[in-house]
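S.K.: start-v4.tsv is reproduced below (TSV, C-alpha atoms).
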chain	number	residue	atom	x	y	z
A	518	MET	CA	24.05	12.15	-47.37
A	519	ALA	CA	21.50	9.82	-45.78
A	520	PRO	CA	20.86	10.40	-42.08
A	521	PRO	CA	22.08	7.53	-39.89
A	522	ARG	CA	19.54	4.87	-38.84
A	523	LEU	CA	18.09	5.85	-35.47
A	524	SER	CA	17.72	3.19	-32.79
A	525	GLY	CA	14.37	2.64	-31.10
A	526	MET	CA	15.54	4.45	-28.01
A	527	GLN	CA	16.73	7.44	-30.00
A	528	LYS	CA	13.34	7.61	-31.70
A	529	GLN	CA	11.65	7.59	-28.30
A	530	VAL	CA	13.81	10.45	-27.11
A	531	LEU	CA	13.07	12.47	-30.22
A	532	SER	CA	9.33	11.83	-30.00
A	533	LEU	CA	9.37	12.94	-26.37
A	534	TYR	CA	11.15	16.13	-27.39
A	535	ARG	CA	8.55	16.69	-30.12
A	536	GLY	CA	5.80	16.09	-27.56
A	537	PHE	CA	7.22	18.78	-25.31
A	538	LEU	CA	7.46	21.29	-28.14
A	539	ARG	CA	3.88	20.56	-29.23
A	540	ALA	CA	2.63	20.99	-25.67
A	541	ALA	CA	4.53	24.25	-25.43
A	542	ARG	CA	2.85	25.52	-28.60
A	543	LEU	CA	-0.51	25.38	-26.84
A	544	LYS	CA	0.57	27.75	-24.07
A	545	SER	CA	0.89	31.54	-24.17
A	546	ALA	CA	3.84	33.09	-26.03
A	547	ASP	CA	5.98	33.93	-22.97
A	548	ASP	CA	5.39	30.56	-21.33
A	549	ARG	CA	6.16	28.87	-24.61
A	550	LYS	CA	9.58	30.46	-24.84
A	551	GLN	CA	10.36	29.58	-21.25
A	552	ILE	CA	9.32	25.96	-21.70
A	553	GLU	CA	11.24	25.57	-24.94
A	554	ALA	CA	14.37	27.02	-23.36
A	555	VAL	CA	14.24	24.73	-20.34
A	556	VAL	CA	13.41	21.61	-22.31
A	557	SER	CA	16.01	22.08	-25.04
A	558	ALA	CA	18.68	22.91	-22.47
A	559	GLU	CA	17.90	19.76	-20.52
A	560	PHE	CA	17.87	17.52	-23.58
A	561	ARG	CA	21.11	18.98	-24.89
A	562	ARG	CA	22.82	18.65	-21.53
A	563	ASN	CA	21.78	15.05	-21.17
A	564	SER	CA	22.81	14.17	-24.69
A	565	ASN	CA	26.29	15.45	-23.94
A	566	GLN	CA	26.68	14.06	-20.45
A	567	VAL	CA	24.93	10.72	-20.56
A	568	ASP	CA	26.71	7.75	-22.07
A	569	ARG	CA	24.95	6.35	-25.15
A	570	LYS	CA	25.10	2.83	-23.77
A	571	ASN	CA	23.61	3.68	-20.39
A	572	PHE	CA	20.19	2.26	-21.27
A	573	VAL	CA	18.98	2.06	-17.70
A	574	TYR	CA	19.49	5.74	-17.06
A	575	ILE	CA	18.11	6.79	-20.44
A	576	GLU	CA	14.96	4.75	-19.79
A	577	TYR	CA	14.66	6.37	-16.38
A	578	LEU	CA	14.93	9.82	-17.95
A	579	LEU	CA	12.38	8.89	-20.64
A	580	ASN	CA	9.86	7.75	-18.02
A	581	ARG	CA	10.40	10.85	-15.95
A	582	GLY	CA	10.03	12.99	-19.06
A	583	LYS	CA	6.76	11.28	-20.02
A	584	LYS	CA	5.29	11.97	-16.59
A	585	GLN	CA	6.41	15.59	-16.76
A	586	LEU	CA	4.89	15.91	-20.23
A	587	ASP	CA	1.54	14.58	-18.97
A	588	GLN	CA	1.56	17.16	-16.22
A	589	LEU	CA	2.55	19.90	-18.64
A	590	LYS	CA	-0.35	19.09	-20.96
A	591	SER	CA	-2.98	19.86	-18.34
A	592	PRO	CA	-4.50	23.32	-18.95
A	593	GLY	CA	-3.58	24.98	-15.66
A	594	VAL	CA	0.15	24.43	-15.96
A	595	VAL	CA	2.14	27.38	-17.34
A	596	GLY	CA	5.71	26.20	-17.18
A	597	LEU	CA	8.33	23.95	-15.66
A	598	SER	CA	11.61	24.51	-13.95
A	599	SER	CA	14.01	22.61	-11.76
A	600	PHE	CA	16.55	23.40	-9.12
A	601	SER	CA	19.14	21.21	-7.52
A	602	VAL	CA	19.54	21.03	-3.78
A	603	GLY	CA	23.14	21.25	-2.55
A	604	GLY	CA	23.84	17.63	-1.67
A	605	GLY	CA	25.90	16.04	1.06
A	606	GLN	CA	26.07	18.98	3.41
A	607	ARG	CA	25.44	18.44	7.12
B	989	MET	CA	-0.21	-31.90	77.44
B	990	ALA	CA	1.20	-28.76	78.84
B	991	SER	CA	4.68	-30.15	78.51
B	992	SER	CA	4.16	-30.97	74.86
B	993	LEU	CA	2.88	-27.49	74.30
B	994	LEU	CA	5.85	-26.12	76.05
B	995	ARG	CA	8.13	-28.37	74.05
B	996	ARG	CA	6.54	-27.15	70.89
B	997	GLY	CA	6.90	-23.64	72.09
B	998	VAL	CA	10.58	-24.25	72.74
B	999	SER	CA	11.15	-25.86	69.39
B	1000	LEU	CA	9.30	-22.99	67.76
B	1001	ALA	CA	11.48	-20.55	69.63
B	1002	ARG	CA	14.56	-22.41	68.48
B	1003	THR	CA	13.48	-22.36	64.87
B	1004	ALA	CA	12.44	-18.78	65.31
B	1005	ALA	CA	15.89	-18.11	66.67
B	1006	ALA	CA	17.38	-19.69	63.60
B	1007	SER	CA	15.19	-17.93	61.12
B	1008	PRO	CA	15.54	-14.27	62.21
B	1009	SER	CA	19.20	-14.50	61.30
B	1010	THR	CA	18.32	-15.88	57.87
B	1011	ALA	CA	15.53	-13.38	57.61
B	1012	ALA	CA	17.95	-10.68	58.62
B	1013	ARG	CA	20.38	-12.00	56.08
B	1014	LEU	CA	17.68	-11.94	53.45
B	1015	VAL	CA	16.77	-8.42	54.37
B	1016	ALA	CA	20.36	-7.32	54.40
B	1017	ALA	CA	21.04	-8.90	51.05
B	1018	ARG	CA	18.40	-6.78	49.36
B	1019	PRO	CA	18.69	-3.16	50.27
B	1020	HIS	CA	16.28	-0.76	48.67
B	1021	ALA	CA	17.60	0.26	45.28
B	1022	SER	CA	18.92	3.76	45.21
B	1023	GLU	CA	18.13	6.26	42.48
B	1024	ALA	CA	21.52	5.84	40.86
B	1025	GLU	CA	21.23	2.12	40.77
B	1026	ALA	CA	17.78	2.36	39.26
B	1027	GLN	CA	19.11	4.51	36.43
B	1028	LYS	CA	21.90	2.12	35.63
B	1029	VAL	CA	21.02	-0.19	32.75
B	1030	GLU	CA	22.59	-3.55	32.90
B	1031	PRO	CA	24.35	-4.44	29.69
B	1032	LYS	CA	22.66	-7.46	28.16
B	1033	ALA	CA	24.83	-10.46	28.39
B	1034	ARG	CA	25.53	-11.05	24.68
B	1035	PRO	CA	28.52	-13.22	24.34
B	1036	THR	CA	27.26	-14.53	20.96
B	1037	THR	CA	26.28	-12.63	17.83
B	1038	ASP	CA	24.25	-13.99	14.97
B	1039	VAL	CA	25.54	-12.18	11.89
B	1040	LYS	CA	23.46	-12.25	8.72
B	1041	THR	CA	24.44	-10.81	5.36
B	1042	PHE	CA	21.94	-8.92	3.22
B	1043	GLN	CA	22.64	-8.21	-0.43
B	1044	ILE	CA	20.52	-5.23	-1.37
B	1045	TYR	CA	19.92	-3.83	-4.86
B	1046	ARG	CA	21.20	-0.25	-5.09
B	1047	TRP	CA	20.76	2.20	-7.94
B	1048	ASN	CA	20.98	5.95	-7.67
B	1049	PRO	CA	19.52	8.09	-10.46
B	1050	ASP	CA	21.81	11.00	-9.52
B	1051	ASN	CA	24.96	8.95	-10.12
B	1052	PRO	CA	23.75	6.80	-12.94
B	1053	SER	CA	25.93	3.75	-13.22
B	1054	LYS	CA	25.03	0.10	-13.32
B	1055	PRO	CA	22.85	-1.15	-10.48
B	1056	GLN	CA	24.83	-2.88	-7.72
B	1057	LEU	CA	24.21	-5.43	-5.00
B	1058	GLN	CA	25.55	-3.98	-1.78
B	1059	ASP	CA	26.37	-6.20	1.23
B	1060	PHE	CA	25.23	-5.33	4.73
B	1061	GLN	CA	25.97	-7.29	7.90
B	1062	ILE	CA	23.32	-7.34	10.60
B	1063	ASP	CA	23.41	-8.91	14.05
B	1064	LEU	CA	20.08	-10.74	14.19
B	1065	LYS	CA	20.09	-10.71	17.98
B	1066	GLU	CA	19.81	-6.94	17.94
B	1067	CYS	CA	17.17	-6.75	15.25
B	1068	GLY	CA	13.45	-7.50	14.90
B	1069	PRO	CA	12.36	-10.67	13.17
B	1070	MET	CA	11.08	-9.21	9.89
B	1071	VAL	CA	13.00	-8.07	6.83
B	1072	LEU	CA	11.54	-4.58	7.22
B	1073	ASP	CA	13.14	-4.35	10.69
B	1074	ALA	CA	16.51	-5.17	9.14
B	1075	LEU	CA	16.06	-2.57	6.39
B	1076	ILE	CA	15.14	0.11	8.92
B	1077	LYS	CA	18.12	-0.83	11.07
B	1078	ILE	CA	20.44	-0.57	8.07
B	1079	LYS	CA	18.98	2.81	7.17
B	1080	ASN	CA	19.29	4.09	10.73
B	1081	GLU	CA	22.75	2.84	11.54
B	1082	MET	CA	24.68	2.02	8.42
B	1083	ASP	CA	23.49	3.77	5.27
B	1084	PRO	CA	20.84	6.50	5.45
B	1085	SER	CA	20.64	6.70	1.68
B	1086	LEU	CA	18.94	3.30	1.38
B	1087	THR	CA	15.52	4.03	-0.11
B	1088	PHE	CA	12.40	1.89	0.22
B	1089	ARG	CA	8.67	2.35	0.69
B	1090	ARG	CA	6.98	1.37	3.94
B	1091	SER	CA	4.01	2.46	6.03
B	1092	CYS	CA	1.91	0.30	8.32
B	1093	ARG	CA	4.54	-2.39	9.16
B	1094	GLU	CA	1.74	-4.87	9.75
B	1095	GLY	CA	0.88	-6.22	6.32
B	1096	ILE	CA	-2.12	-4.05	5.53
B	1097	CYS	CA	-0.97	-1.17	3.37
B	1098	GLY	CA	1.13	-3.01	0.79
B	1099	SER	CA	3.81	-0.33	0.53
B	1100	CYS	CA	6.84	-2.51	1.32
B	1101	ALA	CA	6.34	-5.02	-1.50
B	1102	MET	CA	9.70	-6.26	-2.78
B	1103	ASN	CA	11.47	-9.36	-4.01
B	1104	ILE	CA	13.16	-11.25	-1.14
B	1105	ASP	CA	15.33	-14.23	-2.07
B	1106	GLY	CA	13.56	-14.56	-5.38
B	1107	CYS	CA	10.00	-14.44	-4.08
B	1108	ASN	CA	7.75	-11.37	-4.07
B	1109	GLY	CA	6.36	-10.44	-0.70
B	1110	LEU	CA	5.86	-7.75	1.93
B	1111	ALA	CA	9.01	-6.93	3.86
B	1112	CYS	CA	7.01	-6.40	7.05
B	1113	LEU	CA	5.57	-9.92	6.88
B	1114	THR	CA	8.62	-11.86	5.68
B	1115	LYS	CA	10.72	-13.33	8.46
B	1116	ILE	CA	14.47	-13.08	8.07
B	1117	PRO	CA	15.81	-16.50	7.11
B	1118	GLU	CA	18.42	-18.14	9.35
B	1119	SER	CA	21.93	-16.78	9.12
B	1120	SER	CA	23.10	-20.31	8.44
B	1121	ALA	CA	21.12	-20.27	5.20
B	1122	GLY	CA	23.53	-17.84	3.61
B	1123	PRO	CA	23.10	-14.25	2.43
B	1124	THR	CA	19.62	-12.95	1.61
B	1125	MET	CA	19.13	-11.01	-1.61
B	1126	ILE	CA	16.66	-8.13	-1.62
B	1127	THR	CA	15.69	-6.64	-4.96
B	1128	PRO	CA	12.79	-4.47	-6.13
B	1129	LEU	CA	9.62	-5.89	-7.71
B	1130	PRO	CA	10.71	-7.62	-10.93
B	1131	HIS	CA	10.37	-6.04	-14.37
B	1132	MET	CA	9.27	-2.66	-13.08
B	1133	PHE	CA	11.08	0.60	-13.75
B	1134	VAL	CA	13.24	1.49	-10.77
B	1135	ILE	CA	13.04	5.03	-9.45
B	1136	LYS	CA	15.70	4.57	-6.77
B	1137	ASP	CA	17.10	1.57	-4.85
B	1138	LEU	CA	14.04	-0.52	-3.95
B	1139	VAL	CA	11.37	1.98	-5.06
B	1140	VAL	CA	9.62	1.16	-8.37
B	1141	ASP	CA	7.30	3.07	-10.67
B	1142	MET	CA	3.72	1.95	-9.97
B	1143	THR	CA	1.87	4.41	-12.25
B	1144	ASN	CA	1.14	1.88	-14.99
B	1145	PHE	CA	-0.21	-0.55	-12.43
B	1146	TYR	CA	-2.49	2.11	-10.92
B	1147	ASN	CA	-3.71	3.25	-14.34
B	1148	GLN	CA	-4.70	-0.29	-15.26
B	1149	TYR	CA	-6.51	-0.64	-11.95
B	1150	LYS	CA	-8.43	2.57	-12.61
B	1151	SER	CA	-9.60	1.47	-16.05
B	1152	SER	CA	-11.71	-1.44	-14.82
B	1153	LYS	CA	-13.89	0.78	-12.65
B	1154	LYS	CA	-17.15	1.24	-14.58
B	1155	ASP	CA	-18.72	-2.13	-13.90
B	1156	ARG	CA	-17.53	-2.00	-10.34
B	1157	ALA	CA	-19.18	1.41	-9.92
B	1158	LYS	CA	-22.59	-0.19	-10.52
B	1159	LEU	CA	-22.26	-2.06	-7.25
B	1160	ASP	CA	-21.70	1.10	-5.21
B	1161	GLY	CA	-24.60	1.80	-2.91
B	1162	MET	CA	-25.43	-1.86	-2.47
B	1163	TYR	CA	-22.45	-3.77	-1.25
B	1164	GLU	CA	-22.03	-1.60	1.84
B	1165	CYS	CA	-25.16	-3.00	3.51
B	1166	ILE	CA	-24.29	-4.12	7.03
B	1167	LEU	CA	-27.56	-5.96	7.67
B	1168	CYS	CA	-28.51	-3.75	10.60
B	1169	ALA	CA	-32.23	-4.00	9.69
B	1170	CYS	CA	-32.85	-0.27	10.29
B	1171	CYS	CA	-34.48	0.05	6.87
B	1172	SER	CA	-36.74	-2.98	6.98
B	1173	THR	CA	-37.97	-2.24	10.47
B	1174	SER	CA	-38.79	1.35	9.53
B	1175	CYS	CA	-40.95	0.34	6.56
B	1176	PRO	CA	-44.68	0.29	7.42
B	1177	SER	CA	-45.25	-2.13	4.56
B	1178	TYR	CA	-42.86	-4.48	6.22
B	1179	TRP	CA	-44.67	-4.07	9.57
B	1180	TRP	CA	-47.94	-5.22	8.07
B	1181	ASN	CA	-46.50	-8.08	5.94
B	1182	PRO	CA	-43.20	-9.25	7.43
B	1183	GLU	CA	-43.52	-12.81	6.23
B	1184	SER	CA	-44.44	-12.20	2.65
B	1185	TYR	CA	-42.84	-8.87	1.78
B	1186	LEU	CA	-39.07	-9.23	1.43
B	1187	GLY	CA	-38.26	-5.80	2.82
B	1188	PRO	CA	-35.78	-3.14	1.69
B	1189	ALA	CA	-32.61	-4.88	2.89
B	1190	ALA	CA	-33.33	-8.11	1.07
B	1191	LEU	CA	-34.43	-6.30	-2.09
B	1192	LEU	CA	-31.30	-4.14	-2.01
B	1193	HIS	CA	-29.27	-7.31	-1.91
B	1194	ALA	CA	-31.33	-8.78	-4.75
B	1195	ASN	CA	-30.63	-5.70	-6.85
B	1196	ARG	CA	-26.92	-5.99	-6.07
B	1197	TRP	CA	-26.91	-9.34	-7.81
B	1198	ILE	CA	-29.24	-8.29	-10.59
B	1199	SER	CA	-26.95	-5.41	-11.55
B	1200	ASP	CA	-23.74	-7.41	-11.22
B	1201	SER	CA	-22.54	-7.72	-14.80
B	1202	ARG	CA	-20.75	-10.99	-14.11
B	1203	ASP	CA	-23.93	-12.74	-13.03
B	1204	GLU	CA	-25.72	-14.96	-15.55
B	1205	TYR	CA	-28.91	-15.64	-13.62
B	1206	THR	CA	-30.45	-12.19	-13.99
B	1207	LYS	CA	-33.70	-13.55	-15.46
B	1208	GLU	CA	-34.08	-16.14	-12.71
B	1209	ARG	CA	-33.48	-13.53	-10.07
B	1210	LEU	CA	-36.05	-11.18	-11.52
B	1211	ASP	CA	-38.61	-13.98	-11.73
B	1212	ALA	CA	-37.95	-14.98	-8.15
B	1213	VAL	CA	-39.00	-11.57	-6.82
B	1214	ASN	CA	-41.72	-10.94	-9.39
B	1215	ASP	CA	-44.49	-11.68	-6.94
B	1216	GLU	CA	-47.28	-9.42	-5.75
B	1217	PHE	CA	-46.06	-9.67	-2.20
B	1218	LYS	CA	-42.32	-10.08	-2.42
B	1219	LEU	CA	-41.63	-6.95	-4.40
B	1220	TYR	CA	-44.83	-4.99	-4.93
B	1221	ARG	CA	-45.66	-4.32	-1.32
B	1222	CYS	CA	-43.21	-1.44	-1.71
B	1223	HIS	CA	-45.21	1.78	-2.13
B	1224	THR	CA	-42.16	4.09	-2.18
B	1225	ILE	CA	-42.71	5.27	1.36
B	1226	LEU	CA	-38.90	5.78	1.48
B	1227	ASN	CA	-38.52	5.50	5.25
B	1228	CYS	CA	-35.76	3.07	4.44
B	1229	ALA	CA	-33.55	5.68	2.79
B	1230	ARG	CA	-34.08	7.98	5.75
B	1231	ALA	CA	-33.20	5.30	8.28
B	1232	CYS	CA	-30.13	3.77	6.67
B	1233	PRO	CA	-27.06	4.53	8.84
B	1234	LYS	CA	-24.68	3.91	5.92
B	1235	GLY	CA	-26.48	6.39	3.67
B	1236	LEU	CA	-27.76	3.80	1.21
B	1237	ASN	CA	-31.01	4.17	-0.70
B	1238	PRO	CA	-32.88	0.86	-0.81
B	1239	GLY	CA	-35.95	2.60	-2.24
B	1240	LYS	CA	-34.00	3.58	-5.32
B	1241	GLN	CA	-32.72	0.04	-5.81
B	1242	ILE	CA	-36.25	-1.34	-5.49
B	1243	GLN	CA	-37.44	1.07	-8.15
B	1244	ASN	CA	-34.62	-0.22	-10.33
B	1245	ILE	CA	-35.93	-3.76	-9.95
B	1246	LYS	CA	-39.47	-2.67	-10.72
B	1247	GLY	CA	-38.26	-0.90	-13.83
B	1248	LEU	CA	-36.44	-3.99	-14.98
B	1249	GLN	CA	-39.57	-6.05	-14.41
B	1250	MET	CA	-41.50	-3.67	-16.65
B	1251	SER	CA	-39.00	-3.62	-19.48
B	1252	GLY	CA	-37.97	-7.22	-19.19
B	1253	PRO	CA	-34.40	-8.22	-18.37
B	1254	ALA	CA	-32.62	-6.76	-21.38
B	1255	ALA	CA	-29.09	-6.63	-19.95
If you took the structure in this file and wrote it as structure tokens, what would it be?

M.R.:
Amino acid sequence: MAPPRLSGMQKQVLSLYRGFLRAARLKSADDRKQIEAVVSAEFRRNSNQVDRKNFVYIEYLLNRGKKQLDQLKSPGVVGLSSFSVGGGQR
Amino acid sequence: MASSLLRRGVSLARTAAASPSTAARLVAARPHASEAEAQKVEPKARPTTDVKTFQIYRWNPDNPSKPQLQDFQIDLKECGPMVLDALIKIKNEMDPSLTFRRSCREGICGSCAMNIDGCNGLACLTKIPESSAGPTMITPLPHMFVIKDLVVDMTNFYNQYKSSKKDRAKLDGMYECILCACCSTSCPSYWWNPESYLGPAALLHANRWISDSRDEYTKERLDAVNDEFKLYRCHTILNCARACPKGLNPGKQIQNIKGLQMSGPAA
């Protein structure tokens, strides 16, 4: 069973994911687990929620991910996390 | 004589009699404004409005759908003349979620760069076209990744700018000279030979051109100063470095020239 041909964008997403995992490998064991958990959760969530044809948004996420990866690679950084602010409340 | 004076006096009195009433009327017509009246602001007489439509590019990364052009109506009589004034008015009064960069509002900082009616420009310097010319379209800088609404990703642009820094760094310490003459007039060598010795300021400037990598006349420049008086009156007294108000070191630049003279212009 041959794997389906991946589009250029899919390859970019996968290489970004690989980049994150490689960067995580260089950190300490606890940090590595934390980073892997956050990153794989985010990628999985986006793959389920985001429409495959929504190129604009996927490109936006790719760019954001690349910037976050550059920051993660620097030696002082030990992990990443995100929180969402409750929107639209006055 | 006396009669004429009298007559004049009478006529004056008559006119004076006429005028106090007018004067009194004038005085009565303008009573001193009271506190309440001073606080009252007269509504500007605006029977006409000049409505202009703006079509602004909107895209929200939190609700990712296709980017849209949203219409906004602005009364130009209640708005400043520049596009940035209109954007701020829209953000203040109509839609606070409109996102754009801005800072100095006078065309110096370059933050508000965007595409207005097809042409790139600064929003704070672009006048709003007439309302009779139809709706104005405002979009972000073309072919850049959009972060939100009119804000684009400039990191690639900044990285490219940073990469061409090495040659430019060679000019640091020389281009800042403000020609104040503090250095030259503090050099004893220059006191004794002002006509023939070029002096630290001039030699600093000469070195600025010698070390400019774009310049092709390096050899000619070195030959022009290669004179016993023009360059070699410098005995590294270094008063110039002490005196420079901008913190430059002309002595160091002169040593650079002397070194190049010794080794020959290799670069």

S.K.: Excluding same-chain residues fewer than 4 positions from B:Leu1113, what lies within 9 Å of it counting all atoms listed in the file, as a PyMOL selection string?

M.R.: chain B and resi 1070-1072+1093-1095+1109

S.K.: How would you write as a PyMOL selection string the residues that get within 12 Å of (-36.0, -14.3, -8.5) in the file's frame, counting only C-alpha atoms?

M.R.: chain B and resi 1186+1190-1191+1193-1195+1197-1198+1205-1215+1218-1219+1245+1249+1253

S.K.: Keeping C-alpha atoms for every residue in the selection just given, could you write it to a file as a PDB file, keeping the file's coordinate frame?

M.R.:
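Now in selection14.pdb:
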ATOM      1  CA  LEU B1186     -39.070  -9.230   1.430  1.00  0.00           C
ATOM      2  CA  ALA B1190     -33.330  -8.110   1.070  1.00  0.00           C
ATOM      3  CA  LEU B1191     -34.430  -6.300  -2.090  1.00  0.00           C
ATOM      4  CA  HIS B1193     -29.270  -7.310  -1.910  1.00  0.00           C
ATOM      5  CA  ALA B1194     -31.330  -8.780  -4.750  1.00  0.00           C
ATOM      6  CA  ASN B1195     -30.630  -5.700  -6.850  1.00  0.00           C
ATOM      7  CA  TRP B1197     -26.910  -9.340  -7.810  1.00  0.00           C
ATOM      8  CA  ILE B1198     -29.240  -8.290 -10.590  1.00  0.00           C
ATOM      9  CA  TYR B1205     -28.910 -15.640 -13.620  1.00  0.00           C
ATOM     10  CA  THR B1206     -30.450 -12.190 -13.990  1.00  0.00           C
ATOM     11  CA  LYS B1207     -33.700 -13.550 -15.460  1.00  0.00           C
ATOM     12  CA  GLU B1208     -34.080 -16.140 -12.710  1.00  0.00           C
ATOM     13  CA  ARG B1209     -33.480 -13.530 -10.070  1.00  0.00           C
ATOM     14  CA  LEU B1210     -36.050 -11.180 -11.520  1.00  0.00           C
ATOM     15  CA  ASP B1211     -38.610 -13.980 -11.730  1.00  0.00           C
ATOM     16  CA  ALA B1212     -37.950 -14.980  -8.150  1.00  0.00           C
ATOM     17  CA  VAL B1213     -39.000 -11.570  -6.820  1.00  0.00           C
ATOM     18  CA  ASN B1214     -41.720 -10.940  -9.390  1.00  0.00           C
ATOM     19  CA  ASP B1215     -44.490 -11.680  -6.940  1.00  0.00           C
ATOM     20  CA  LYS B1218     -42.320 -10.080  -2.420  1.00  0.00           C
ATOM     21  CA  LEU B1219     -41.630  -6.950  -4.400  1.00  0.00           C
ATOM     22  CA  ILE B1245     -35.930  -3.760  -9.950  1.00  0.00           C
ATOM     23  CA  GLN B1249     -39.570  -6.050 -14.410  1.00  0.00           C
ATOM     24  CA  PRO B1253     -34.400  -8.220 -18.370  1.00  0.00           C
TER      25      PRO B1253
END

S.K.: Dump as CSV the rows for residues of chain A within 10 Å of chain B: closest atom pair and distance in Å with one decimal, all atoms listed in the file counted, ordered by chain and rising residue number.

M.R.:
residue,atom,partner,partner_atom,distance
A:Val567,CA,B:Pro1052,CA,8.7
A:Asp568,CA,B:Pro1052,CA,9.6
A:Asn571,CA,B:Ser1053,CA,7.5
A:Phe572,CA,B:Lys1054,CA,9.6
A:Val573,CA,B:Lys1054,CA,7.7
A:Tyr574,CA,B:Pro1052,CA,6.0
A:Ile575,CA,B:Pro1052,CA,9.4
A:Glu576,CA,B:Phe1133,CA,8.3
A:Tyr577,CA,B:Ile1135,CA,7.2
A:Leu578,CA,B:Pro1049,CA,9.0
A:Asn580,CA,B:Phe1133,CA,8.4
A:Arg581,CA,B:Ile1135,CA,9.1
A:Lys584,CA,B:Thr1143,CA,9.4

S.K.: Show me, as a list of chain:residue names, the residues that have an atom within 12 Å of B:Arg1090 when counting only C-alpha atoms, minus same-chain residues fewer than 5 positions from it.

M.R.: B:Val1071, B:Leu1072, B:Asp1073, B:Leu1075, B:Ile1076, B:Gly1095, B:Ile1096, B:Cys1097, B:Gly1098, B:Ser1099, B:Cys1100, B:Ala1101, B:Met1102, B:Leu1110, B:Ala1111, B:Cys1112, B:Leu1113, B:Leu1138, B:Val1139

S.K.: Show which residues sit within 9 Å of stretch 1154-1171 of chain B, as a list in words. Count all atoms listed in the file, and ignore same-chain residues fewer than 6 positions away.

M.R.: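 Close residues of stretch 1154-1171 of chain B: Gly1187, Pro1188, Ala1189, Leu1192, His1193, Asn1195, Arg1196, Trp1197, Ser1199, Asp1200, Ser1201, Asn1227, Cys1228, Ala1229, Arg1230, Ala1231, Cys1232, Pro1233, Lys1234, Gly1235, Leu1236, Asn1237, Pro1238 and Gln1241 of chain B.
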
S.K.: Mind pulling up the distance from atom CA of A:Ser532 to atom CA of A:Asp587?

M.R.: 13.8 Å

S.K.: Using only C-alpha atoms, give me every residue within 12 Å of (-0.6, 21.4, -24.9) in file coordinates, as a count of residues only.

M.R.: 25

S.K.: Any idea what the distance is between atom CA of B:Met1125 and atom CA of B:Asp1059?

M.R.: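 Result for atom CA of B:Met1125 versus atom CA of B:Asp1059: 9.1 Å, one decimal.
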
S.K.: For stretch 1231-1249 of chain B, what centre and edge lengths in Å (one decimal) does the axis-aligned box get once 4 Å is added on each side of all its listed atoms, as JSON?

M.R.:
{"center_x": -32.1, "center_y": 0.2, "center_z": -3.1, "size_x": 22.9, "size_y": 20.4, "size_z": 31.8}

S.K.: How many Å separate atom CA of A:Gly603 from atom CA of B:Gln1056?

M.R.: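 Atom-to-atom, atom CA of A:Gly603 to atom CA of B:Gln1056, that is 24.7 Å.
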
S.K.: Can you tell me, as a VMD selection string, what residues are no more than 10 Å from B:Gly1106 when counting all atoms listed in the file, ignoring any on the same chain fewer than 5 positions away?

M.R.: chain B and resid 1124 to 1127 1129 to 1130

S.K.: Please provide as a PDB file with C-alpha atoms, in the coordinates of the input all residues within 9 Å of A:Val555, with the sequence filter that same-chain residues fewer than 5 positions apart are discarded (counting only C-alpha atoms).

M.R.:
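selection_28.pdb, written as the output of this step:
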ATOM      1  CA  LYS A 550       9.580  30.460 -24.840  1.00  0.00           C
ATOM      2  CA  PHE A 560      17.870  17.520 -23.580  1.00  0.00           C
ATOM      3  CA  LEU A 597       8.330  23.950 -15.660  1.00  0.00           C
ATOM      4  CA  SER A 598      11.610  24.510 -13.950  1.00  0.00           C
ATOM      5  CA  SER A 599      14.010  22.610 -11.760  1.00  0.00           C
TER       6      SER A 599
END
